[in-house]
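Accompanying notes for the structure given below.
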Amino acid sequence: MKRIEVAELLSNEDKYIDQPVKLSGWVKAFRNNQFIALSDGTTMKTIQVVVNNESIDESLIKRIGFHACIQIMGTVKKSLGKGQSIEIVADNVLILGDNDLGTYPLQPKRQTLEFLREQAHFRMRTNTMSAVFRIRHAMAFAVHNYFNSNGYHYLHSPIITGSDAEGAGEMFRVTTLDAKQPPLTDDGKVDFSEDFFGKATNLTVSGQLQAEIGALALGKVYTFGPTFRAENSNTTRHLSEFWMIEPEMAFFDIHDNMDLAENFLQSIIKYVLENCKDELEVLDARIIETEKNMKKELRRPMGLIESLEFVTSHEFERITYTEALQIIMNSKPYKKKKFEYMVTWGDDLHSEHERYLVEKHFKKPVIVRDYPKSIKAFYMRENEGTEPDKKTVAAMDILFPGIGEVVGGSQREERLDKLVERMEEVGIEPAEMQWYLDLRKFGGCPHSGFGLGFERIVQYVTGMGNIRDVIPFPRAPKTAEF
RNA sequence: GCCUCUUUAGCUCAGUUGGUUAGAGCGCCGGACUGUUAAUCCGUAGGUCCUUGGUUCGAGCCCAAGAAGAGGCGCCA
């Protein structure tokens, strides 16, 4: 007999009533020596299996324990109990994998996320983590689906890069040289000309520059792949290895760019709302349970599903950096000196300021644009007509409640002279990036793009507090287990 | 990298002013149970009190150093 999957069985109950079936899965609960809640991973839901101790050997029944793996042969019947409409009356149980509960770390009860993080090889078996990783999958699919159906081409940017001018953070070196005795040049430095690639190479910190190459040929492209930062960041929203989505579009100005980012974010959140209802309910319930004993002002202002619906049905607020600064400086907490950092024009906004804008002032996602030139990257396009001492660039950040910056993007500087000038200002040798300058020299055009941290948006959608709980095997400083 | 907090049974945590044999709930194990929904009921076992050093007649508790974890900040996505 062919094995049937639980998802198929539960979505076509009538079809299988009174039919013999075979199915395999893991025991989520075994009640009253009689009722098994069985999951095979095809759905969040479990199917109830009834074992009759007249037909099933007692020694076998003793081996039906939490998370043991079993195969069932039986008949689908209308359930006699409440809580489920069908169940399987088992004729035969086969143990596929015993579970030694004396030494198994998981327990059929709520466990802390910190403990589960140390059990990464088991944590996907829990309801919470199962829901998170199902949603992560759905969102990855939604990303490709969105871009594909809107005429974008998926561009695979390199993971190993020889470019060291991307300026997005500390990099991980890729080398095959002997760590103890590397070849040295005459002045005593490591001689990378003898390295595998004949030059110093690193893991990528961004696929943006390569995406620009794609955009200037294919029109609209996006990258979606692993990205690496060797920063010693110890926070709930940073990883050393994370997945980044970077669309890049020819002929888009900063406003087209913001329209795309907003529409894209709302679309993938909508996709989860429509396709991951069970998963969201599990996570929503967990948050309510966690916050039950918390003070009211520390609880989330909205339920998880409610807040996702809110974000997809309300436009993001759009303001300039200068306007944002005004709002902060005129705010009550700023005047009462409740903020740790003061601000003047030209300073970057601190987390506390961004949080105020998003969580207190507007109470929804905010897009801040036109940042001071001095605090932004060399490739961002300088705005025209700004005061000489208050020059800005066409950059934009999207800030979300709870997690801060999820998107950072800009219109790129397409004017060759301006770009060279800027590179010299910040100390990047133009000759090192000839190919990048060539894009301006030979048939360049206005273009824009942004980078979106995939885990950040998964974090927002799942409501998980720590980014290490939304990637299966987190990589962070001092953390590379599994 | 900086700041704060935490570390006691498999898990989550109590542990009074430094004082004899370190406790609970859940889980595990054993038993009961044929309509349960995180089943329920009864019983047993289970400890390098993170590590090292110090103070003290005596340290889970005080001091110092280290380790691991969490949260906040900075850097960013």
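Labeling convention for the structure tokens: chains A, B, ... as they appear, residues from 1 per chain, ligands from 1 in order of appearance.
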Taking a cut-off of 9 Å and counting only C-alpha atoms (C1' of nucleotides), can you build a table that, for each residue of chain B near chain A, reports the nearest atom pair and how far apart they are in Å (one decimal), sorted by chain then residue number, as CSV?
residue,atom,partner,partner_atom,distance
B:G1,C1',A:Asn232,CA,7.1
B:G10,C1',A:Pro105,CA,6.7
B:C11,C1',A:Gln111,CA,7.1
B:U12,C1',A:Gln111,CA,8.1
B:C26,C1',A:Lys109,CA,8.0
B:G27,C1',A:Gln107,CA,6.3
B:C28,C1',A:Gly102,CA,5.4
B:C29,C1',A:Gly102,CA,7.9
B:C33,C1',A:Asn32,CA,6.7
B:U34,C1',A:Gln34,CA,7.3
B:G35,C1',A:Gly81,CA,5.7
B:U36,C1',A:Arg31,CA,5.5
B:U37,C1',A:Gly83,CA,6.7
B:A38,C1',A:Lys109,CA,6.2
B:A39,C1',A:Arg31,CA,5.6
B:U40,C1',A:Asn32,CA,8.4
B:G69,C1',A:Glu114,CA,8.0
B:A70,C1',A:Glu114,CA,8.2
B:G71,C1',A:Thr235,CA,8.6
B:G72,C1',A:Thr235,CA,8.4
B:C73,C1',A:Ser351,CA,8.8
B:G74,C1',A:Ser233,CA,8.6
B:C75,C1',A:Ser233,CA,7.1
B:C76,C1',A:Ala168,CA,7.9
B:A77,C1',A:Gly453,CA,4.2
From segment 54-109 of chain A, collect each residue whose DSSP state is strand (DSSP E or B) and return the set as number ranges by chain. A: 69-78, 86-97
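Near G66 of chain B, within a cut-off of 12 Å and counting only C-alpha atoms (C1' of nucleotides), sit the residues B:C50, B:U51, B:U52, B:G53, with same-chain residues fewer than 6 positions away left out.
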Extract the full set of helix (DSSP H, G or I) residues from segment 202-420 of chain A according to DSSP on the backbone, and format it as a ChimeraX atom specification. /A:208-218,254-275,277-291,296-298,304-313,321-329,332-335,351-362,373-375,388-390,416-420
Please measure the separation of atom CA of Arg299 of chain A and atom CA of Lys363 of chain A, giving the value in Å to one decimal. 14.6 Å
Need the shell around A14 of chain B: protein/DNA/RNA residues with any atom at most 10 Å away, counting only C-alpha atoms (C1' of nucleotides). Skip same-chain ones fewer than 6 positions apart. Format as a list in words? U8, G23 and A24 of chain B
Shell of 12 Å around Glu354 of chain A, only C-alpha atoms (C1' of nucleotides), local chain residues under 5 positions omitted, as JSON, numbers by chain: {"A": [321, 324, 325, 327, 328, 339, 341, 348, 349, 359, 360, 361, 362, 363, 364, 365, 366, 367, 368, 397, 398, 399, 400, 401, 402, 403, 404, 405, 406]}
Would you mind telling me which residue in B:A68, B:G30, B:G43, B:A22 lies nearest to A9 of chain B when using only C-alpha atoms (C1' of nucleotides)?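 Selected residue with least distance to A9 of chain B: B:A22.
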